[in-house]
$ cat run.txt   # compact mmCIF, C-alpha atoms
# COMPACT_ATOMS: atom_id res chain seq x y z
CA MET A 1 125.26 34.53 66.74
CA LEU A 2 126.11 33.42 63.25
CA ARG A 3 124.30 35.59 60.74
CA TYR A 4 123.87 34.92 57.09
CA THR A 5 124.16 37.80 54.66
CA GLU A 6 120.97 39.76 54.13
CA TYR A 7 121.75 40.29 50.46
CA PRO A 8 123.03 37.04 48.97
CA PRO A 9 124.08 37.01 45.31
CA LYS A 10 120.94 37.01 43.23
CA GLY A 11 121.33 34.05 40.88
CA TYR A 12 118.92 33.05 38.15
CA ARG A 13 115.34 32.75 39.33
CA VAL A 14 112.75 30.70 37.45
CA ARG A 15 109.25 32.07 37.85
CA MET A 16 106.66 29.46 38.62
CA SER A 17 104.20 28.89 35.78
CA THR A 18 100.56 29.84 36.36
CA TYR A 19 99.79 26.26 35.35
CA TRP A 20 102.15 24.65 37.91
CA TRP A 21 99.28 22.48 39.16
CA THR A 22 99.21 20.58 35.86
CA ALA A 23 102.83 19.42 36.31
CA ARG A 24 102.06 16.54 38.67
CA TRP A 25 99.02 14.42 39.43
CA ALA A 26 99.52 15.15 43.16
CA TYR A 27 99.31 18.92 42.53
CA LEU A 28 96.17 18.50 40.42
CA LYS A 29 94.59 16.35 43.14
CA PHE A 30 95.41 19.08 45.67
CA ILE A 31 93.76 21.76 43.49
CA LEU A 32 90.67 19.58 43.01
CA ARG A 33 90.54 19.09 46.79
CA GLU A 34 90.69 22.87 47.30
CA ILE A 35 88.02 23.53 44.62
CA SER A 36 85.75 20.94 46.25
CA SER A 37 85.08 23.47 49.03
CA VAL A 38 83.12 25.60 46.52
CA PHE A 39 80.82 22.65 45.85
CA VAL A 40 80.48 21.95 49.57
CA ALA A 41 79.35 25.58 49.97
CA TRP A 42 76.82 25.09 47.15
CA PHE A 43 75.40 21.98 48.88
CA ILE A 44 74.99 23.96 52.12
CA LEU A 45 73.26 26.76 50.23
CA GLU A 46 70.89 24.20 48.64
CA THR A 47 70.02 22.78 52.06
CA LEU A 48 69.31 26.27 53.41
CA LEU A 49 67.12 27.04 50.37
CA GLU A 50 65.24 23.78 50.94
CA ILE A 51 64.57 24.66 54.57
CA HIS A 52 63.47 28.14 53.50
CA ALA A 53 61.06 26.59 50.94
CA LEU A 54 59.69 24.16 53.54
CA ILE A 55 58.92 27.06 55.89
CA GLY A 56 57.26 28.91 52.99
CA GLY A 57 54.54 26.26 52.57
CA PRO A 58 53.50 23.76 49.83
CA ALA A 59 53.52 26.27 46.94
CA ALA A 60 57.04 27.49 47.76
CA TYR A 61 58.22 23.88 48.08
CA ALA A 62 56.74 22.96 44.68
CA ASP A 63 58.64 25.90 43.15
CA PHE A 64 61.81 24.68 44.83
CA GLN A 65 61.29 21.15 43.45
CA GLY A 66 60.58 22.54 39.98
CA PHE A 67 63.89 24.41 39.98
CA PHE A 68 65.86 21.37 41.07
CA GLN A 69 64.22 19.10 38.47
CA GLN A 70 65.77 21.06 35.60
CA PRO A 71 68.37 18.91 33.74
CA ILE A 72 71.14 21.50 34.14
CA VAL A 73 70.61 21.64 37.91
CA ILE A 74 70.64 17.82 38.07
CA VAL A 75 73.96 17.74 36.16
CA LEU A 76 75.38 20.39 38.50
CA ASN A 77 74.27 18.39 41.51
CA VAL A 78 75.83 15.17 40.19
CA ILE A 79 79.15 17.05 39.83
CA THR A 80 78.59 18.54 43.29
CA LEU A 81 78.02 15.09 44.77
CA PHE A 82 81.29 13.86 43.26
CA PHE A 83 83.24 16.78 44.74
CA VAL A 84 81.56 16.49 48.15
CA LEU A 85 82.47 12.78 48.28
CA PHE A 86 86.02 13.61 47.12
CA HIS A 87 86.21 16.29 49.85
CA ALA A 88 85.03 13.88 52.55
CA VAL A 89 87.30 10.98 51.52
CA THR A 90 90.44 13.14 51.19
CA TRP A 91 89.64 14.83 54.53
CA PHE A 92 89.28 11.50 56.35
CA ASN A 93 92.43 10.12 54.74
CA LEU A 94 94.46 13.18 55.78
CA ALA A 95 93.16 13.17 59.37
CA PRO A 96 95.69 10.53 60.58
CA LYS A 97 98.58 12.74 59.38
CA ALA A 98 97.40 15.66 61.47
CA MET A 99 96.68 13.59 64.58
CA ALA A 100 99.61 11.86 66.21
CA ILE A 101 97.95 10.02 69.08
CA ARG A 102 100.24 7.88 71.20
CA LEU A 103 98.99 5.01 73.29
CA GLY A 104 101.44 3.04 75.41
CA GLY A 105 104.40 4.73 73.72
CA LYS A 106 103.27 3.68 70.22
CA ARG A 107 101.62 5.91 67.65
CA LEU A 108 98.11 4.78 66.61
CA PRO A 109 98.07 3.37 63.06
CA PRO A 110 96.36 5.57 60.41
CA ALA A 111 93.41 3.17 60.10
CA ALA A 112 92.60 3.60 63.80
CA ILE A 113 92.04 7.35 63.22
CA ALA A 114 90.50 7.30 59.71
CA GLY A 115 88.29 4.27 60.56
CA PRO A 116 86.07 5.92 63.21
CA ASN A 117 85.64 8.93 60.87
CA TYR A 118 84.30 6.64 58.14
CA VAL A 119 82.07 4.77 60.63
CA ALA A 120 80.63 8.07 61.92
CA TRP A 121 80.04 9.15 58.31
CA VAL A 122 78.11 5.96 57.47
CA VAL A 123 76.06 6.14 60.71
CA VAL A 124 75.10 9.80 60.19
CA SER A 125 74.25 9.11 56.52
CA ALA A 126 72.09 6.12 57.55
CA VAL A 127 70.21 8.23 60.13
CA VAL A 128 69.61 11.01 57.56
CA ALA A 129 68.48 8.43 54.95
CA TRP A 130 66.10 6.90 57.49
CA LEU A 131 64.63 10.32 58.38
CA VAL A 132 64.13 11.22 54.71
CA LEU A 133 62.95 7.87 53.36
CA ARG A 134 60.76 6.50 56.15
CA GLY A 135 57.73 7.81 54.27
CA MET B 1 131.94 -0.14 23.74
CA ALA B 2 129.85 -0.40 26.88
CA GLU B 3 126.24 0.72 26.80
CA GLN B 4 125.76 4.48 27.18
CA ILE B 5 123.03 6.71 28.57
CA ALA B 6 122.49 10.40 27.77
CA LEU B 7 122.26 13.05 30.48
CA GLU B 8 120.70 16.41 29.64
CA ILE B 9 122.13 18.81 32.16
CA THR B 10 121.23 22.42 32.89
CA ARG B 11 124.23 24.71 32.38
CA TYR B 12 124.33 28.28 33.62
CA SER B 13 127.19 30.65 34.09
CA PRO B 14 126.23 33.99 35.65
CA GLU B 15 129.15 35.72 33.87
CA ARG B 16 128.35 34.34 30.42
CA ASP B 17 124.66 33.36 30.15
CA LYS B 18 121.49 35.39 30.38
CA THR B 19 119.38 32.26 30.84
CA PRO B 20 120.28 28.63 31.57
CA THR B 21 120.91 26.26 28.65
CA VAL B 22 120.89 22.48 28.31
CA ALA B 23 123.94 20.38 27.43
CA ALA B 24 123.86 16.65 26.61
CA PHE B 25 126.54 14.20 27.73
CA ASP B 26 126.86 10.47 27.12
CA VAL B 27 128.08 8.40 30.07
CA PRO B 28 128.55 4.64 30.52
CA LEU B 29 125.39 2.98 31.80
CA ARG B 30 126.65 0.92 34.73
CA LYS B 31 124.39 -1.04 37.01
CA GLU B 32 125.98 0.32 40.20
CA TRP B 33 126.13 3.95 39.07
CA VAL B 34 123.89 6.66 40.44
CA VAL B 35 123.27 10.05 38.79
CA LEU B 36 125.97 11.58 41.01
CA ASP B 37 128.53 9.06 39.66
CA ALA B 38 127.58 10.11 36.13
CA LEU B 39 128.05 13.80 37.05
CA ASN B 40 131.48 13.05 38.52
CA TYR B 41 132.37 11.06 35.38
CA ILE B 42 131.46 14.07 33.24
CA LYS B 43 133.47 16.43 35.46
CA ASP B 44 136.52 14.11 35.46
CA LYS B 45 136.52 12.98 31.83
CA ILE B 46 134.46 15.31 29.64
CA ASP B 47 133.96 18.81 31.03
CA GLY B 48 135.75 19.90 34.20
CA SER B 49 133.72 23.11 34.38
CA LEU B 50 130.47 21.33 35.33
CA SER B 51 129.54 22.56 38.81
CA PHE B 52 127.44 20.72 41.41
CA ARG B 53 127.40 20.11 45.15
CA TRP B 54 128.08 16.73 46.71
CA SER B 55 129.91 15.24 49.64
CA CYS B 56 129.07 11.94 51.32
CA ARG B 57 127.66 9.80 48.45
CA MET B 58 125.48 7.93 50.95
CA GLY B 59 122.34 9.96 51.63
CA VAL B 60 123.55 11.59 54.83
CA CYS B 61 125.01 15.00 53.99
CA GLY B 62 122.03 16.30 51.99
CA SER B 63 124.07 18.32 49.48
CA CYS B 64 123.42 16.50 46.18
CA GLY B 65 119.68 17.24 45.81
CA MET B 66 118.69 18.01 42.20
CA MET B 67 115.71 17.62 39.90
CA VAL B 68 115.95 14.30 38.04
CA ASN B 69 113.38 14.05 35.25
CA GLY B 70 111.40 16.74 37.05
CA GLU B 71 111.40 15.04 40.47
CA PRO B 72 113.43 16.30 43.45
CA LYS B 73 115.97 13.53 44.21
CA LEU B 74 119.18 12.88 46.09
CA THR B 75 121.40 12.12 43.10
CA CYS B 76 123.53 9.79 45.23
CA ALA B 77 120.52 7.51 45.66
CA THR B 78 119.08 7.70 42.14
CA PHE B 79 120.29 4.86 39.90
CA LEU B 80 120.90 5.40 36.18
CA THR B 81 119.41 2.00 35.31
CA ASP B 82 116.01 3.09 36.68
CA TYR B 83 115.91 5.69 33.90
CA ALA B 84 117.30 3.53 31.03
CA PRO B 85 117.29 3.96 28.08
CA GLY B 86 117.23 7.68 28.95
CA PRO B 87 117.85 10.48 28.36
CA ILE B 88 117.93 11.68 31.97
CA ARG B 89 117.17 15.33 32.57
CA VAL B 90 119.19 16.81 35.46
CA GLU B 91 118.27 20.30 36.67
CA PRO B 92 119.07 22.41 39.73
CA LEU B 93 116.57 22.17 42.63
CA LYS B 94 113.36 24.03 41.83
CA ASN B 95 112.21 27.11 43.79
CA PHE B 96 115.76 28.34 44.52
CA PRO B 97 117.86 30.87 42.57
CA VAL B 98 120.51 29.12 40.43
CA MET B 99 124.09 30.24 41.04
CA ARG B 100 125.92 28.08 38.50
CA ASP B 101 124.96 24.93 36.60
CA LEU B 102 123.35 22.68 39.25
CA ILE B 103 124.17 24.80 42.30
CA VAL B 104 121.39 26.74 44.00
CA GLU B 105 121.49 29.57 46.51
CA ILE B 106 120.13 28.42 49.90
CA THR B 107 120.75 31.43 52.14
CA ASP B 108 117.00 31.98 52.39
CA PHE B 109 116.53 28.54 53.96
CA LEU B 110 119.47 28.94 56.36
CA GLY B 111 117.99 32.21 57.63
CA LYS B 112 114.58 30.60 58.16
CA LEU B 113 116.09 27.60 59.88
CA SER B 114 117.84 29.67 62.53
CA LYS B 115 114.70 31.79 62.98
CA VAL B 116 112.65 28.83 64.28
CA LYS B 117 115.26 28.16 66.99
CA PRO B 118 116.03 24.50 66.22
CA TRP B 119 117.93 23.77 69.40
CA ILE B 120 117.06 22.79 72.96
CA ILE B 121 115.96 25.83 74.93
CA ARG B 122 116.11 25.62 78.74
CA LYS B 123 114.70 28.22 81.09
CA LYS B 124 117.65 27.52 83.36
CA GLU B 125 120.62 25.44 82.24
CA MET B 126 121.58 22.69 84.66
CA PRO B 127 125.29 22.72 85.63
CA ILE B 128 127.27 19.86 84.03
CA SER B 129 128.09 18.50 87.50
CA GLU B 130 124.39 17.54 87.89
CA GLY B 131 124.58 15.18 84.92
CA GLU B 132 122.70 14.78 81.67
CA TYR B 133 119.09 15.55 80.83
CA LEU B 134 117.60 12.08 80.86
CA GLN B 135 115.12 10.80 78.33
CA THR B 136 113.19 7.55 78.02
CA PRO B 137 112.98 5.60 74.72
CA GLU B 138 109.29 6.62 74.50
CA GLN B 139 110.21 10.31 74.86
CA LEU B 140 112.84 9.87 72.13
CA GLU B 141 110.31 8.15 69.87
CA ALA B 142 107.99 11.20 70.09
CA TYR B 143 110.35 13.32 67.95
CA ARG B 144 112.84 10.85 66.42
CA GLN B 145 111.22 10.81 62.97
CA PHE B 146 111.50 14.60 62.65
CA SER B 147 115.14 14.56 63.76
CA MET B 148 116.13 12.53 60.67
CA CYS B 149 116.10 15.66 58.46
CA ILE B 150 119.37 16.21 56.56
CA ASN B 151 118.44 19.67 55.18
CA CYS B 152 118.63 18.41 51.58
CA LEU B 153 115.81 20.80 50.59
CA LEU B 154 114.00 18.34 48.33
CA CYS B 155 110.86 19.29 50.27
CA TYR B 156 111.27 22.97 49.33
CA ALA B 157 111.64 21.99 45.66
CA ALA B 158 108.38 19.98 45.89
CA CYS B 159 106.43 22.69 47.74
CA PRO B 160 104.32 24.92 45.47
CA VAL B 161 103.55 27.23 48.40
CA TYR B 162 107.26 28.04 48.80
CA GLY B 163 107.60 28.35 45.01
CA LEU B 164 104.81 30.93 44.87
CA ASP B 165 105.60 32.76 48.12
CA SER B 166 109.22 32.70 49.23
CA LEU B 167 108.26 34.25 52.59
CA PHE B 168 106.79 30.89 53.67
CA ALA B 169 109.02 29.26 56.30
CA GLY B 170 108.80 25.94 54.45
CA PRO B 171 108.59 22.23 55.30
CA ALA B 172 112.05 21.41 56.72
CA ALA B 173 112.31 24.46 59.00
CA LEU B 174 108.83 23.83 60.42
CA ALA B 175 109.44 20.09 60.87
CA LEU B 176 112.69 20.82 62.70
CA ALA B 177 110.93 23.32 64.95
CA GLN B 178 108.39 20.61 65.77
CA ARG B 179 111.26 18.18 66.43
CA TYR B 180 112.40 20.44 69.31
CA ASN B 181 108.85 21.20 70.46
CA LEU B 182 108.30 17.48 70.99
CA ASP B 183 111.61 16.94 72.80
CA SER B 184 111.01 16.28 76.51
CA ARG B 185 114.22 18.19 77.39
CA ASP B 186 113.05 21.37 75.64
CA GLU B 187 111.33 24.30 77.36
CA GLY B 188 111.07 26.68 74.41
CA LYS B 189 107.63 25.81 73.04
CA SER B 190 106.00 29.15 73.75
CA GLU B 191 109.02 31.04 72.37
CA ARG B 192 108.74 29.10 69.12
CA MET B 193 104.95 29.41 69.02
CA ASP B 194 105.20 33.18 68.44
CA ILE B 195 107.33 32.57 65.34
CA LEU B 196 105.62 29.46 64.02
CA SER B 197 101.99 30.49 64.38
CA GLN B 198 102.37 33.49 62.08
CA HIS B 199 100.92 33.58 58.58
CA ASP B 200 104.31 32.77 57.02
CA GLY B 201 104.70 29.89 59.46
CA ILE B 202 102.39 26.88 59.78
CA TRP B 203 99.32 28.71 58.44
CA GLY B 204 101.03 29.29 55.12
CA CYS B 205 100.95 25.53 54.52
CA THR B 206 97.94 24.34 52.49
CA PHE B 207 98.78 20.64 52.97
CA VAL B 208 99.71 19.72 49.41
CA GLY B 209 101.69 16.92 51.05
CA GLU B 210 104.39 16.54 48.40
CA CYS B 211 107.16 17.45 50.86
CA THR B 212 106.47 14.18 52.65
CA GLU B 213 106.36 12.21 49.40
CA VAL B 214 109.80 13.36 48.21
CA CYS B 215 111.58 13.21 51.60
CA PRO B 216 114.43 10.67 51.34
CA LYS B 217 114.58 10.28 55.15
CA HIS B 218 110.81 9.75 55.74
CA VAL B 219 110.59 12.81 57.97
CA ASP B 220 106.96 13.65 57.05
CA PRO B 221 107.16 17.46 57.25
CA ALA B 222 103.51 17.76 56.12
CA GLY B 223 102.45 15.68 59.12
CA ALA B 224 104.62 17.76 61.47
CA ILE B 225 103.03 21.00 60.24
CA GLN B 226 99.42 19.73 60.49
CA GLN B 227 100.10 18.35 63.99
CA TYR B 228 101.46 21.72 65.00
CA LYS B 229 98.40 23.47 63.55
CA LEU B 230 96.32 21.32 65.89
CA THR B 231 98.52 22.26 68.88
CA ALA B 232 98.43 25.96 67.96
CA THR B 233 94.63 25.87 67.67
CA GLN B 234 94.31 24.18 71.07
CA GLU B 235 96.59 26.82 72.61
CA TRP B 236 94.52 29.58 70.99
CA VAL B 237 91.26 28.13 72.35
CA LYS B 238 92.85 27.81 75.80
CA SER B 239 93.96 31.44 75.66
CA LEU B 240 90.36 32.45 74.91
CA VAL B 241 88.65 30.25 77.48
CA LEU B 242 91.03 30.14 80.42
CA PRO B 243 91.42 33.29 82.55
CA TRP B 244 95.20 32.76 82.78
CA GLY B 245 95.49 32.65 78.99
CA GLY B 246 96.51 29.02 78.65
CA LYS B 247 100.04 29.65 79.90
$ encode --input "run.txt" --output "structure tokens"
Amino acid sequence: MLRYTEYPPKGYRVRMSTYWWTARWAYLKFILREISSVFVAWFILETLLEIHALIGGPAAYADFQGFFQQPIVIVLNVITLFFVLFHAVTWFNLAPKAMAIRLGGKRLPPAAIAGPNYVAWVVVSAVVAWLVLRG
Amino acid sequence: MAEQIALEITRYSPERDKTPTVAAFDVPLRKEWVVLDALNYIKDKIDGSLSFRWSCRMGVCGSCGMMVNGEPKLTCATFLTDYAPGPIRVEPLKNFPVMRDLIVEITDFLGKLSKVKPWIIRKKEMPISEGEYLQTPEQLEAYRQFSMCINCLLCYAACPVYGLDSLFAGPAALALAQRYNLDSRDEGKSERMDILSQHDGIWGCTFVGECTEVCPKHVDPAGAIQQYKLTATQEWVKSLVLPWGGK
């Protein structure tokens, strides 16, 4: 078998800058997408804390509400909401790339894979909104 | 005198320079000229020592990939007029060691390419007397897109994962492995799986997606890698659930 040399001539190597992700909008978008997972984790933690407070009774729940009514927590949660939406939208838009489903010899168009994801998202959100807001 | 455009070209001589430098050249700005024509003009008329790779001039051989104004491009398909009034910055492909001027060292890629076994593997070869391995147009369509790769390495220059960790197999090698995995004549999927499903294989990819954006042949390496991640996960679940290990 043809083998390439294990020790090729070295050449001049440029080290990648620590700030490589600022070089292109696409790289920055990728980094924001990766960071969004931290905010998703924070949202999950909030939900768990809320359930914990609910189990703890009215006094515990009032404490919980008091904490989340602080302006700084509201600002944090607005940022969190932005990142969670960004996470969801980028995830749904990338799904068609990862799934190559063929029907009748033709590959399904991206909208046919992303579409049902968005529909499911709206339906689940509507059910949750109904549960929370029905009074 | 005809209109001119300036090219700022990276120069590097391993015998003479410690680090690469930039040299500016003025070339005629012609409507039908691509960056590669300008480089050949410089080599023929101004400085014969300028070194760069090229061959076919028509986007097939994959040797003239360079960074043009910071973007990985086939210089034979990048028109000067799109960058007028200039200057145009021409650099060697990113993420590879530079050997001289615009020439990079690609041994690393060639090693990785052969490692993923990009050829048809048969458990038992059929004798020629029994004819060809037949394939329907639908079966061809399943992998055709990934077979368009010309190994130009623009995807490696766009991939920050490869730039940060040169152990990563990289977009083109993984897409070509997937090209053979999806070929109905191939029987080497499980052989390739052992190589591809390692950390330096598909799982090294974080789906930045720029490999697909810069690919001049619309191969979509990012798609190939994510699709293979899905296959590898399914195989892993099968190996956990099924008593015969999903084989």
$ closest_residue --input "run.txt" --among "B:Ser55, B:Asp165, B:Leu110, B:Tyr12" --to "B:Glu91" --atoms "only C-alpha atoms"
B:Tyr12
$ residues_around --input "run.txt" --residues "A:Arg24" --least-positions-apart "5" --cutoff "12 Å" --atoms "all atoms listed in the file" --output "ChimeraX atom specification"
/A:19,29-31 /B:70-71,158-160,208,210
$ interface_residues --input "run.txt" --of "chain A" --to "chain B" --cutoff "6 Å" --atoms "all atoms listed in the file" --output "ChimeraX atom specification"
/A:11-13,30,97-99,105
$ atom_distance --input "run.txt" --atom1 "atom CA of B:Lys238" --atom2 "atom CA of B:Lys123"
22.5 Å
$ closest_residue --input "run.txt" --among "B:Gln198, B:Ser147, B:Ser166, B:Thr10" --to "B:Gln178" --atoms "only C-alpha atoms"
B:Ser147
$ atom_distance --input "run.txt" --atom1 "atom CA of A:Gln65" --atom2 "atom CA of A:Ile51"
12.1 Å
$ atom_distance --input "run.txt" --atom1 "atom CA of B:Val241" --atom2 "atom CA of A:Arg102"
26.0 Å
$ decode --input "run.txt" --residues "stretch 52-124 of chain A" --atoms "C-alpha atoms" --output "mmCIF file, in the first residue's frame"
data_model
loop_
_atom_site.group_PDB
_atom_site.id
_atom_site.type_symbol
_atom_site.label_atom_id
_atom_site.label_comp_id
_atom_site.auth_asym_id
_atom_site.auth_seq_id
_atom_site.Cartn_x
_atom_site.Cartn_y
_atom_site.Cartn_z
ATOM 1 C CA HIS A 52 -39.394 22.235 44.594
ATOM 2 C CA ALA A 53 -41.029 25.473 45.849
ATOM 3 C CA LEU A 54 -44.499 24.211 44.889
ATOM 4 C CA ILE A 55 -43.948 21.031 46.922
ATOM 5 C CA GLY A 56 -42.717 23.165 49.833
ATOM 6 C CA GLY A 57 -46.085 24.922 50.267
ATOM 7 C CA PRO A 58 -47.406 28.525 49.914
ATOM 8 C CA ALA A 59 -44.651 30.177 51.987
ATOM 9 C CA ALA A 60 -41.865 28.527 49.983
ATOM 10 C CA TYR A 61 -43.618 29.486 46.735
ATOM 11 C CA ALA A 62 -43.929 33.128 47.837
ATOM 12 C CA ASP A 63 -40.170 33.146 48.546
ATOM 13 C CA PHE A 64 -39.560 31.696 45.103
ATOM 14 C CA GLN A 65 -41.728 34.391 43.469
ATOM 15 C CA GLY A 66 -39.977 37.105 45.488
ATOM 16 C CA PHE A 67 -36.590 35.971 44.191
ATOM 17 C CA PHE A 68 -37.740 35.921 40.586
ATOM 18 C CA GLN A 69 -39.341 39.377 40.816
ATOM 19 C CA GLN A 70 -35.968 41.044 41.378
ATOM 20 C CA PRO A 71 -35.027 43.254 38.375
ATOM 21 C CA ILE A 72 -31.659 41.538 37.869
ATOM 22 C CA VAL A 73 -33.302 38.105 37.722
ATOM 23 C CA ILE A 74 -35.885 39.443 35.243
ATOM 24 C CA VAL A 75 -33.084 40.810 33.017
ATOM 25 C CA LEU A 76 -31.261 37.464 33.245
ATOM 26 C CA ASN A 77 -34.431 35.627 32.293
ATOM 27 C CA VAL A 78 -35.072 37.897 29.288
ATOM 28 C CA ILE A 79 -31.536 37.079 28.052
ATOM 29 C CA THR A 80 -32.186 33.413 28.840
ATOM 30 C CA LEU A 81 -35.404 33.466 26.816
ATOM 31 C CA PHE A 82 -33.544 34.928 23.829
ATOM 32 C CA PHE A 83 -30.883 32.196 23.978
ATOM 33 C CA VAL A 84 -33.427 29.404 24.475
ATOM 34 C CA LEU A 85 -35.361 30.609 21.406
ATOM 35 C CA PHE A 86 -32.075 30.904 19.458
ATOM 36 C CA HIS A 87 -31.182 27.355 20.568
ATOM 37 C CA ALA A 88 -34.551 25.964 19.455
ATOM 38 C CA VAL A 89 -34.625 27.752 16.084
ATOM 39 C CA THR A 90 -31.035 26.823 15.152
ATOM 40 C CA TRP A 91 -31.663 23.219 16.266
ATOM 41 C CA PHE A 92 -34.786 22.894 14.107
ATOM 42 C CA ASN A 93 -33.067 24.511 11.137
ATOM 43 C CA LEU A 94 -30.098 22.122 11.384
ATOM 44 C CA ALA A 95 -32.276 19.010 11.743
ATOM 45 C CA PRO A 96 -32.848 18.615 7.955
ATOM 46 C CA LYS A 97 -29.062 18.500 7.396
ATOM 47 C CA ALA A 98 -28.656 15.599 9.793
ATOM 48 C CA MET A 99 -31.651 13.655 8.491
ATOM 49 C CA ALA A 100 -31.506 12.471 4.902
ATOM 50 C CA ILE A 101 -34.875 10.775 4.492
ATOM 51 C CA ARG A 102 -35.601 9.378 1.052
ATOM 52 C CA LEU A 103 -39.092 8.744 -0.195
ATOM 53 C CA GLY A 104 -39.608 7.269 -3.653
ATOM 54 C CA GLY A 105 -35.931 7.793 -4.512
ATOM 55 C CA LYS A 106 -36.061 11.533 -3.743
ATOM 56 C CA ARG A 107 -34.702 13.225 -0.645
ATOM 57 C CA LEU A 108 -37.337 15.039 1.449
ATOM 58 C CA PRO A 109 -36.985 18.840 1.180
ATOM 59 C CA PRO A 110 -35.644 20.616 4.315
ATOM 60 C CA ALA A 111 -39.040 22.198 5.054
ATOM 61 C CA ALA A 112 -40.652 18.747 5.313
ATOM 62 C CA ILE A 113 -38.306 17.896 8.220
ATOM 63 C CA ALA A 114 -38.036 21.303 9.939
ATOM 64 C CA GLY A 115 -41.803 21.977 9.530
ATOM 65 C CA PRO A 116 -43.119 19.193 11.797
ATOM 66 C CA ASN A 117 -40.533 20.215 14.430
ATOM 67 C CA TYR A 118 -41.912 23.765 14.446
ATOM 68 C CA VAL A 119 -45.521 22.492 14.505
ATOM 69 C CA ALA A 120 -44.743 20.212 17.479
ATOM 70 C CA TRP A 121 -43.066 23.164 19.223
ATOM 71 C CA VAL A 122 -46.135 25.406 18.775
ATOM 72 C CA VAL A 123 -48.539 22.639 19.883
ATOM 73 C CA VAL A 124 -46.531 21.804 23.030
#
